[in-house]
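S.K.: File name start26.cif; file contents mmCIF, C-alpha atoms; full text below.
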```
data_upload
loop_
_atom_site.label_atom_id
_atom_site.label_comp_id
_atom_site.auth_asym_id
_atom_site.auth_seq_id
_atom_site.Cartn_x
_atom_site.Cartn_y
_atom_site.Cartn_z
CA MET A 259 0.00 0.00 0.00
CA PRO A 260 1.45 3.45 -0.88
CA ASN A 261 2.40 5.60 2.10
CA ASP A 262 0.02 8.42 1.08
CA GLU A 263 -2.93 6.06 0.89
CA GLN A 264 -2.01 4.54 4.28
CA GLN A 265 -1.81 8.04 5.76
CA ARG A 266 -5.19 8.99 4.29
CA VAL A 267 -6.88 5.87 5.73
CA PHE A 268 -5.16 6.45 9.07
CA ASP A 269 -6.34 10.08 9.26
CA GLU A 270 -9.86 9.01 8.38
CA TRP A 271 -9.93 6.22 10.98
CA LEU A 272 -8.44 8.46 13.63
CA ARG A 273 -10.93 11.21 13.01
CA SER A 274 -13.99 8.98 12.97
CA HIS A 275 -12.94 6.70 15.85
CA GLU A 276 -10.95 8.93 18.18
CA GLY A 277 -13.42 8.27 21.01
CA LEU A 278 -12.61 4.57 20.80
CA PHE A 279 -8.89 5.31 21.16
CA PHE A 280 -9.56 7.47 24.21
CA LYS A 281 -11.73 4.84 25.89
CA VAL A 282 -9.05 2.17 25.60
CA VAL A 283 -6.38 4.60 26.77
CA ARG A 284 -8.38 5.58 29.85
CA ALA A 285 -9.16 1.98 30.75
CA TYR A 286 -5.54 0.80 30.58
CA ALA A 287 -3.33 3.79 31.45
CA PHE A 288 -3.77 5.90 34.55
CA THR A 289 -1.18 8.67 34.57
CA PRO A 290 -1.01 11.37 31.89
CA GLN A 291 2.45 10.13 30.78
CA ASP A 292 1.21 6.56 30.45
CA GLN A 293 -1.94 7.70 28.67
CA GLU A 294 0.16 9.64 26.19
CA ASP A 295 2.47 6.67 25.68
CA LEU A 296 -0.36 4.19 25.24
CA PHE A 297 -2.16 6.52 22.85
CA GLN A 298 0.95 6.69 20.67
CA GLU A 299 1.39 2.93 20.90
CA ILE A 300 -2.19 2.31 19.80
CA ALA A 301 -1.89 4.87 17.00
CA THR A 302 1.31 3.17 15.79
CA GLN A 303 -0.28 -0.28 15.86
CA VAL A 304 -3.36 0.97 14.02
CA TRP A 305 -1.11 2.60 11.40
CA ARG A 306 0.80 -0.68 10.96
CA SER A 307 -2.39 -2.70 10.74
CA ILE A 308 -3.83 -0.71 7.83
CA PRO A 309 -2.20 -2.75 5.01
CA GLY A 310 -3.59 -5.90 6.66
CA PHE A 311 -7.19 -4.62 6.68
CA ARG A 312 -9.16 -6.51 4.03
CA GLY A 313 -12.62 -5.29 4.93
CA ASP A 314 -13.74 -8.67 6.34
CA ALA A 315 -14.69 -6.98 9.60
CA ALA A 316 -16.16 -3.54 10.29
CA VAL A 317 -13.56 -0.80 10.74
CA THR A 318 -14.69 -0.26 14.35
CA THR A 319 -14.19 -3.95 15.14
CA TRP A 320 -10.78 -3.93 13.50
CA ILE A 321 -9.59 -0.82 15.34
CA TYR A 322 -10.95 -2.07 18.65
CA ARG A 323 -9.14 -5.36 18.17
CA VAL A 324 -5.85 -3.66 17.34
CA ALA A 325 -6.24 -1.12 20.16
CA LEU A 326 -7.06 -3.72 22.81
CA ASN A 327 -4.24 -6.02 21.73
CA ALA A 328 -1.88 -3.05 21.81
CA ALA A 329 -3.11 -1.94 25.24
CA ILE A 330 -2.87 -5.38 26.81
CA THR A 331 0.63 -6.06 25.50
CA TRP A 332 1.62 -2.49 26.42
CA THR A 333 0.72 -3.12 30.08
CA HIS A 334 3.31 -5.91 30.12
CA LYS A 335 6.10 -3.90 28.59
CA GLU A 336 8.82 -2.86 30.95
CA ARG A 337 8.21 0.51 32.50
CA LYS A 338 11.85 1.43 31.90
CA HIS A 339 11.43 0.85 28.19
CA ARG A 340 8.25 2.94 28.11
CA ALA A 341 9.91 5.77 30.03
CA GLY A 342 12.84 5.74 27.62
CA LYS A 343 10.50 6.11 24.67
CA GLN A 344 8.71 8.97 26.39
CA ASP A 345 11.95 10.88 26.87
CA LEU A 346 12.79 10.64 23.19
CA ASP A 347 9.44 11.97 22.10
CA GLY A 348 9.76 15.37 23.71
CA ALA A 349 7.52 17.35 25.98
CA GLU A 350 4.34 18.29 24.13
CA PRO A 351 1.70 15.53 24.38
CA ALA A 352 -0.42 14.22 21.50
CA ILE A 353 -3.55 14.13 23.67
CA LEU A 354 -4.70 16.76 26.12
CA GLN A 355 -7.32 16.65 28.82
CA ALA A 356 -10.31 18.52 27.40
CA SER A 357 -11.36 21.57 29.41
CA PRO A 358 -14.88 20.54 30.45
CA ALA A 359 -14.86 18.44 33.62
CA ALA A 360 -15.47 14.75 33.01
CA ASP A 361 -18.88 13.32 33.90
CA PRO A 362 -18.45 11.82 37.42
CA ARG A 363 -20.62 8.86 36.47
CA VAL A 364 -18.32 8.04 33.56
CA GLU A 365 -15.34 8.49 35.90
CA TRP A 366 -16.95 6.05 38.33
CA LEU A 367 -17.38 3.52 35.53
CA TYR A 368 -13.70 3.83 34.57
CA GLU A 369 -12.71 3.38 38.22
CA GLN A 370 -14.64 0.12 38.33
CA ILE A 371 -13.24 -1.05 35.00
CA ARG A 372 -9.69 -0.43 36.21
CA GLN A 373 -10.27 -2.87 39.09
CA LEU A 374 -10.78 -5.70 36.59
CA SER A 375 -8.14 -7.94 35.04
CA GLU A 376 -6.80 -6.82 31.64
CA ILE A 377 -8.90 -9.37 29.74
CA ASP A 378 -12.06 -8.53 31.67
CA ARG A 379 -11.41 -4.84 31.02
CA SER A 380 -11.40 -5.61 27.30
CA LEU A 381 -14.66 -7.50 27.59
CA THR A 382 -16.25 -4.68 29.58
CA LEU A 383 -15.28 -2.05 27.01
CA LEU A 384 -16.60 -4.22 24.19
CA LEU A 385 -19.79 -4.95 26.11
CA LEU A 386 -20.43 -1.29 26.88
CA ASP A 387 -19.83 -0.42 23.23
CA GLY A 388 -22.41 -2.95 22.12
CA PHE A 389 -20.33 -5.75 20.59
CA SER A 390 -21.89 -9.21 20.34
CA TYR A 391 -20.56 -12.23 22.23
CA LYS A 392 -19.49 -13.69 18.90
CA GLU A 393 -17.40 -10.61 18.04
CA MET A 394 -15.86 -10.52 21.51
CA ALA A 395 -14.96 -14.21 21.30
CA ALA A 396 -13.28 -13.68 17.92
CA MET A 397 -11.34 -10.65 19.16
CA LEU A 398 -9.97 -12.41 22.22
CA GLY A 399 -9.63 -15.93 20.81
CA ILE A 400 -12.00 -17.56 23.34
CA THR A 401 -15.35 -19.34 23.07
CA GLU A 402 -18.71 -17.57 23.14
CA ASN A 403 -19.74 -19.60 26.20
CA TYR A 404 -16.68 -18.39 28.00
CA VAL A 405 -17.51 -14.81 27.04
CA GLY A 406 -21.04 -15.32 28.40
CA VAL A 407 -19.83 -16.56 31.77
CA LYS A 408 -17.29 -13.76 32.03
CA ILE A 409 -19.83 -11.11 31.11
CA ASN A 410 -22.25 -12.35 33.78
CA ARG A 411 -19.53 -12.07 36.39
CA ILE A 412 -18.57 -8.60 35.21
CA LYS A 413 -22.17 -7.38 35.25
CA ALA A 414 -22.64 -8.81 38.75
CA TYR A 415 -19.47 -7.05 39.87
CA LEU A 416 -20.56 -3.70 38.42
CA MET A 417 -23.99 -3.98 40.05
CA ARG A 418 -22.41 -4.84 43.39
CA ALA A 419 -19.95 -1.97 43.08
CA HIS A 420 -22.80 0.39 42.29
CA LEU A 421 -24.79 -0.73 45.33
CA THR A 422 -21.73 -0.35 47.54
CA SER A 423 -20.97 3.17 46.37
CA LYS A 424 -24.64 4.09 46.64
CA SER A 425 -24.86 2.93 50.24
CA ARG A 426 -21.61 4.80 51.00
CA GLU A 427 -23.15 7.97 49.62
CA GLU A 428 -26.25 7.43 51.74
CA VAL A 429 -24.16 7.00 54.87
CA ARG A 430 -22.18 10.13 53.99
CA ASP A 431 -25.40 12.10 53.44
CA GLY A 432 -26.70 10.88 56.80
CA ILE A 433 -29.65 8.94 55.42
CA MET B 238 -29.14 1.35 38.37
CA GLU B 239 -29.38 -1.40 35.77
CA PHE B 240 -26.66 -2.36 33.34
CA GLU B 241 -28.54 -0.60 30.54
CA ASP B 242 -28.28 2.65 32.53
CA MET B 243 -24.53 2.15 32.81
CA LYS B 244 -24.35 1.69 29.07
CA ALA B 245 -26.28 4.93 28.58
CA ILE B 246 -23.83 6.75 30.88
CA TRP B 247 -20.95 5.18 28.96
CA ASP B 248 -22.34 6.43 25.67
CA THR B 249 -22.40 10.05 26.88
CA GLN B 250 -18.64 10.27 26.33
CA ASN B 251 -19.15 9.74 22.60
CA ASP B 252 -20.50 13.28 22.37
CA LYS B 253 -18.14 14.78 24.95
CA PRO B 254 -14.70 13.16 24.77
CA VAL B 255 -12.43 13.73 27.75
CA PHE B 256 -9.33 14.13 25.61
CA SER B 257 -8.61 16.31 22.66
CA MET B 258 -6.15 15.17 20.06
CA GLN B 259 -3.20 17.28 18.91
CA ASP B 260 -2.99 16.22 15.27
CA GLN B 261 0.36 17.79 14.52
CA ARG B 262 1.92 16.42 17.66
CA LEU B 263 0.64 12.94 16.86
CA VAL B 264 2.05 13.13 13.36
CA VAL B 265 5.45 14.06 14.82
CA ALA B 266 5.26 11.29 17.44
CA LEU B 267 4.38 8.67 14.85
CA TYR B 268 7.11 9.92 12.58
CA GLN B 269 9.59 9.65 15.47
CA GLN B 270 8.45 6.10 16.20
CA ARG B 271 8.81 5.08 12.56
CA GLU B 272 12.26 6.67 12.46
CA GLN B 273 13.26 4.81 15.61
CA SER B 274 12.03 1.59 14.09
CA ARG B 275 13.87 2.32 10.83
CA ARG B 276 17.08 3.07 12.71
CA ARG B 277 16.68 -0.13 14.74
CA ILE B 278 16.19 -2.19 11.60
CA PHE B 279 19.19 -0.49 9.99
CA LYS B 280 21.34 -1.22 13.05
CA GLN B 281 20.17 -4.80 13.51
CA GLN B 282 19.81 -5.96 9.92
CA PHE B 283 21.12 -3.60 7.26
CA LEU B 284 24.39 -2.67 8.94
CA PRO B 285 25.55 -6.23 9.73
CA LEU B 286 24.33 -7.68 6.46
CA TYR B 287 25.21 -5.03 3.91
CA VAL B 288 28.17 -3.31 5.54
CA MET B 289 29.98 -5.82 7.75
CA VAL B 290 29.62 -8.77 5.36
CA PRO B 291 31.10 -6.91 2.34
CA ILE B 292 33.93 -5.59 4.52
CA GLY B 293 34.58 -9.13 5.77
CA LEU B 294 34.42 -10.53 2.26
CA ALA B 295 36.79 -7.82 0.99
CA GLY B 296 39.22 -8.67 3.83
CA VAL B 297 39.06 -12.37 3.05
CA GLY B 298 39.41 -11.65 -0.68
CA PHE B 299 42.43 -9.44 -0.09
CA MET B 300 44.03 -12.09 2.04
CA PHE B 301 43.45 -14.72 -0.62
CA PHE B 302 44.97 -12.39 -3.19
CA ALA B 303 48.00 -11.88 -0.94
CA PHE B 304 48.31 -15.66 -0.55
CA PHE B 305 48.24 -16.07 -4.27
CA MET B 306 50.76 -13.30 -4.94
CA LYS B 307 53.11 -14.59 -2.29
CA SER B 308 52.94 -18.13 -3.65
CA LEU B 309 53.77 -16.96 -7.12
CA TYR B 310 56.20 -14.06 -6.86
CA ILE B 311 57.37 -12.97 -3.45
CA GLU B 312 59.69 -15.91 -2.82
CA LYS B 313 61.55 -14.82 -5.95
CA ILE B 314 62.20 -11.27 -4.76
CA ALA B 315 62.56 -11.64 -0.97
CA ARG B 316 63.86 -14.08 1.58
CA ASP B 317 60.53 -15.52 2.43
CA PHE B 318 58.67 -18.80 2.20
CA PRO B 319 55.79 -19.57 -0.20
CA MET B 320 52.33 -20.41 1.05
CA SER B 321 51.87 -24.16 1.25
CA ALA B 322 48.82 -26.32 0.62
CA TRP B 323 48.33 -26.37 4.40
CA ASP B 324 48.04 -22.59 4.40
CA TYR B 325 45.38 -22.77 1.73
CA ALA B 326 43.58 -25.46 3.74
CA ALA B 327 43.73 -23.30 6.89
CA PHE B 328 42.43 -20.34 4.92
CA ALA B 329 39.53 -22.44 3.60
CA VAL B 330 38.70 -23.72 7.10
CA ALA B 331 38.75 -20.14 8.46
CA ALA B 332 36.46 -18.92 5.69
CA GLY B 333 34.18 -21.93 6.26
CA ALA B 334 34.07 -21.15 9.99
CA LEU B 335 32.97 -17.60 9.19
CA VAL B 336 30.21 -18.89 6.93
CA ALA B 337 29.18 -21.45 9.59
CA MET B 338 28.92 -18.57 12.06
CA VAL B 339 26.99 -16.10 9.88
CA ALA B 340 24.72 -18.39 7.83
CA PRO B 341 22.64 -19.79 10.75
CA MET B 342 22.29 -16.25 12.18
CA TYR B 343 20.88 -15.05 8.89
CA SER B 344 18.62 -18.04 8.28
CA GLU B 345 17.18 -18.15 11.82
CA ARG B 346 16.37 -14.42 11.66
CA LYS B 347 14.69 -14.83 8.28
CA ARG B 348 12.73 -17.85 9.51
CA HIS B 349 11.61 -15.92 12.58
CA GLU B 350 10.62 -12.87 10.51
CA ARG B 351 8.32 -15.03 8.40
CA THR B 352 6.43 -16.17 11.51
CA GLN B 353 6.15 -12.60 12.79
CA LYS B 354 4.77 -10.93 9.68
CA VAL B 355 1.16 -12.00 10.05
CA PHE B 356 -1.03 -9.45 11.83
CA ALA B 357 -2.52 -11.27 14.82
CA PRO B 358 -6.30 -11.51 14.43
CA SER B 359 -7.05 -12.12 18.11
CA LEU B 360 -5.60 -11.42 21.53
CA ARG B 361 -4.68 -15.09 21.96
CA GLU B 362 -2.66 -15.07 18.76
CA GLU B 363 -1.13 -11.71 19.68
CA LEU B 364 0.01 -13.18 23.00
CA GLU B 365 1.34 -16.30 21.28
CA ARG B 366 3.23 -14.11 18.84
CA GLY B 367 4.67 -12.12 21.73
CA ILE B 368 5.72 -15.31 23.50
CA SER B 369 7.35 -16.68 20.35
CA GLN B 370 9.19 -13.37 19.90
CA LEU B 371 10.54 -13.64 23.46
CA ASP B 372 11.43 -17.31 22.90
CA PHE B 373 13.40 -16.21 19.86
CA GLU B 374 15.21 -13.53 21.87
CA LEU B 375 16.00 -16.09 24.57
CA SER B 376 17.24 -18.58 21.98
CA LEU B 377 19.77 -16.00 20.77
CA TYR B 378 21.38 -16.19 24.19
CA SER B 379 21.17 -19.97 24.63
CA THR B 380 24.43 -21.57 25.77
CA PRO B 381 24.74 -24.03 22.83
CA ARG B 382 24.16 -21.21 20.34
CA LEU B 383 26.65 -18.86 21.99
CA ALA B 384 29.19 -21.68 22.35
CA GLY B 385 28.77 -22.49 18.64
CA LEU B 386 29.06 -18.85 17.61
CA TYR B 387 32.13 -18.13 19.70
CA GLY B 388 33.63 -21.50 18.75
CA TRP B 389 33.40 -20.78 15.02
CA MET B 390 34.52 -17.20 15.54
CA THR B 391 37.57 -18.33 17.53
CA VAL B 392 38.52 -20.86 14.85
CA ALA B 393 38.13 -18.25 12.10
CA VAL B 394 40.00 -15.47 13.92
CA LEU B 395 42.84 -17.73 15.09
CA LEU B 396 43.42 -19.24 11.67
CA PHE B 397 43.23 -15.88 9.93
CA THR B 398 45.65 -14.24 12.35
CA TRP B 399 48.00 -17.24 12.12
CA GLU B 400 47.94 -17.05 8.36
CA MET B 401 48.34 -13.25 8.45
CA GLY B 402 51.47 -13.84 10.47
CA ARG B 403 52.73 -16.31 7.90
CA LEU B 404 51.91 -13.87 5.11
CA ASN B 405 54.14 -11.36 6.89
CA GLY B 406 56.99 -13.79 7.12
CA ASN B 407 56.48 -15.31 10.61
CA SER B 408 56.33 -19.03 10.12
CA THR B 409 55.02 -19.63 13.68
CA SER B 410 53.36 -16.55 15.16
CA TRP B 411 52.37 -17.89 18.60
CA ASP B 412 52.53 -14.46 20.21
CA ILE B 413 49.78 -13.26 17.85
CA VAL B 414 47.72 -16.34 18.67
CA TRP B 415 47.90 -15.68 22.44
CA MET B 416 47.10 -12.03 21.95
CA THR B 417 44.14 -12.89 19.75
CA MET B 418 42.84 -15.40 22.27
CA PHE B 419 43.12 -12.81 25.02
CA CYS B 420 41.21 -10.25 22.89
CA MET B 421 38.54 -12.85 22.08
CA ALA B 422 38.10 -13.66 25.77
CA ALA B 423 37.88 -9.94 26.57
CA ALA B 424 35.23 -9.47 23.86
CA THR B 425 33.24 -12.50 25.06
CA TRP B 426 33.16 -11.55 28.74
CA PRO B 427 30.69 -8.62 28.47
CA THR B 428 28.25 -10.84 26.53
CA LEU B 429 28.39 -13.52 29.19
CA THR B 430 27.89 -11.05 32.03
CA ALA B 431 24.97 -9.37 30.23
CA LYS B 432 23.38 -12.74 29.45
CA LYS B 433 22.04 -13.45 32.94
CA ALA B 434 20.39 -10.05 33.36
CA PHE B 435 18.92 -10.24 29.85
CA ILE B 436 17.49 -13.73 30.42
CA GLU B 437 15.92 -12.68 33.72
CA ARG B 438 14.31 -9.63 32.12
CA VAL B 439 12.95 -11.48 29.10
CA THR B 440 11.80 -14.45 31.19
CA ALA B 441 9.80 -12.11 33.44
CA ARG B 442 8.06 -10.63 30.38
CA LYS B 443 7.44 -14.09 28.98
CA ARG B 444 5.89 -15.26 32.27
CA ALA B 445 3.57 -12.25 32.23
CA LEU B 446 2.38 -13.06 28.71
CA GLU B 447 1.98 -16.74 29.58
CA ALA B 448 -0.05 -15.80 32.64
CA MET B 449 -2.26 -13.68 30.40
CA ARG B 450 -2.71 -16.57 27.95
CA ALA B 451 -3.49 -18.88 30.87
CA ALA B 452 -6.12 -16.35 32.00
CA LEU B 453 -7.83 -16.80 28.62
CA ASP B 454 -8.07 -20.52 29.38
CA GLU B 455 -9.04 -20.33 33.04
CA ASP B 456 -12.41 -21.65 34.12
CA PRO B 457 -14.44 -18.49 34.81
CA VAL B 458 -16.88 -20.43 36.99
CA GLN B 459 -14.06 -21.56 39.28
CA ALA B 460 -12.33 -18.17 39.40
CA PRO B 461 -12.97 -16.12 42.55
CA PRO B 462 -15.51 -13.31 42.08
CA TYR B 463 -14.47 -9.65 42.08
CA GLN B 464 -14.92 -8.01 45.45
#
```
Rewrite the structure from the file as structure tokens, please.
M.R.:
Amino acid sequence: MPNDEQQRVFDEWLRSHEGLFFKVVRAYAFTPQDQEDLFQEIATQVWRSIPGFRGDAAVTTWIYRVALNAAITWTHKERKHRAGKQDLDGAEPAILQASPAADPRVEWLYEQIRQLSEIDRSLTLLLLDGFSYKEMAAMLGITENYVGVKINRIKAYLMRAHLTSKSREEVRDGI
Amino acid sequence: MEFEDMKAIWDTQNDKPVFSMQDQRLVVALYQQREQSRRRIFKQQFLPLYVMVPIGLAGVGFMFFAFFMKSLYIEKIARDFPMSAWDYAAFAVAAGALVAMVAPMYSERKRHERTQKVFAPSLREELERGISQLDFELSLYSTPRLAGLYGWMTVAVLLFTWEMGRLNGNSTSWDIVWMTMFCMAAATWPTLTAKKAFIERVTARKRALEAMRAALDEDPVQAPPYQ
């Protein structure tokens, strides 16, 4: 694939799916430096994946798959290596915190997602973004039944976490 | 709150993303990463293959030429001895040792590259690819491989230096042999000391990936629930 064409596809994907990139970054990286590093890592992997895209899957599915694989393998890279890469890149970040304050309910959801294992985090993101069990199974390389069991456990966990935080709020408010 | 409500909350960030992207900065960062990757490939593949090998071949070719010239002419114009059949045999063994050292390095890297080119379609395959990459890195530092490499290199360097000595008129240049062996040992030592730390680091990364792959196979019913 010519470089110009790859760049054009990349720009298009980035523009139309930037929210997806941000979701994965927020679920897997917690400090601004790590978020920046993971964002660049995902962007690089998506760029590299473009020649391999044959249109068998939807673009969203493809990008999600690449982004999650990149994020999960990124979490297991040595921190020293990541820090070294950061130093080379310079000071100005590629992503900035937007000025409006984040919705606290969304923040709460991310907090709960971060408590999960890396694989369960992937499943949760895919579930919340409306992917089917079949798509999730294909992305992770596991069976649909397995996905079903995992999803039930994750949903139960989220419900329990919600009840816990709700009762904490009630205690704090003196109810 | 039901799960559907959580999904609705989740979807609100589609309209109001928390980050904003700096296009220009990203372009620069990606360019830097590609440059880094290009430099790494140049250093690891291009430089050894296209620079060191021609230099080595030129050196070996020059030496062969010197052998040939000395056999034919030099004994007629100086008090020297011609190169014997044994010298040619030693030269051939040294050149063969070099080939035996370089050829497996080249072929194993090519073989490994072929397995790494496919873009992994699922997390499981991505993890397996990562594990095989780390296995490859570990295999580069395996004791039999290093012993073979240094063995062939020692044979090649010793025979070449011995024959260089003979080309220069020293029929038995033992002092050069000892000096060469000392230099070889000095060059080998840093590799051996770095080996342990490298293996520990790579093994830790491999264990992490294996644990992740095992997590894909774990029985979710048996796994303890999240608290």
S.K.: Starting from the displayed file, determine the output of the PyMOL selection byres ((chain B) within 8 of (chain A)) and express the residue list as a ChimeraX atom specification.
M.R.: /B:238-240,243-244,246-248,250-251,254-263,266-267,269-270,356,358-364,442,445-446,449,452-454,457-458,462-464
S.K.: One number please: atom CA of Val304 of chain A to atom CA of Val282 of chain A, in Å, one decimal.
M.R.: 13.0 Å
S.K.: Could you write out as lines of an AutoDock Vina configuration file the box around segment 311-327 of chain A (axis-aligned, all atoms listed in the file, 6 Å on each side), with centre and edge lengths in Å to one decimal?
M.R.:
```
center_x = -10.2
center_y = -4.5
center_z = 13.4
size_x = 23.9
size_y = 20.4
size_z = 30.8
```
S.K.: Might you spell out which residues the PyMOL selection byres ((chain B and resi 405) around 12) would select in the displayed file, as a list of chain:residue names?
M.R.: B:Met300, B:Ala303, B:Phe304, B:Lys307, B:Ile311, B:Ala315, B:Arg316, B:Asp317, B:Phe318, B:Pro319, B:Met320, B:Thr398, B:Trp399, B:Glu400, B:Met401, B:Gly402, B:Arg403, B:Leu404, B:Gly406, B:Asn407, B:Ser408, B:Thr409, B:Ser410, B:Ile413
S.K.: Rounded to one decimal in Å, what is the spacing between atom CA of Val283 of chain A and atom CA of Leu296 of chain A?
M.R.: 6.2 Å
S.K.: Please determine, counting all atoms listed in the file, which residue among B:Val290, B:Leu396, B:Ala451, B:Ala441 has the shortest atom-to-atom distance to Val339 of chain B.
M.R.: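 Nearest candidate to Val339 of chain B out of B:Val290, B:Leu396, B:Ala451, B:Ala441: B:Val290.
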S.K.: Could you state the separation of atom CA of Thr430 of chain B and atom CA of Tyr378 of chain B in Å, given to one decimal place?
M.R.: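 Pair atom CA of Thr430 of chain B / atom CA of Tyr378 of chain B returns 11.4 Å.
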S.K.: Which residue gives the smallest distance to Ser390 of chain A among A:Ile371, A:Trp332, A:Val429, A:Thr319, with all atoms listed in the file counted?
M.R.: A:Thr319
S.K.: May I ask which of the residues B:Gln370, B:Thr249, B:Thr425, B:Thr391 is the closest one to Leu335 of chain B, counting all atoms listed in the file?
M.R.: B:Thr391
S.K.: Run the PyMOL selection byres ((chain B and resi 349) around 12) on the file and write out the hits as a VMD selection string.
M.R.: chain B and resid 341 to 348 350 to 355 366 369 to 374 376 to 377
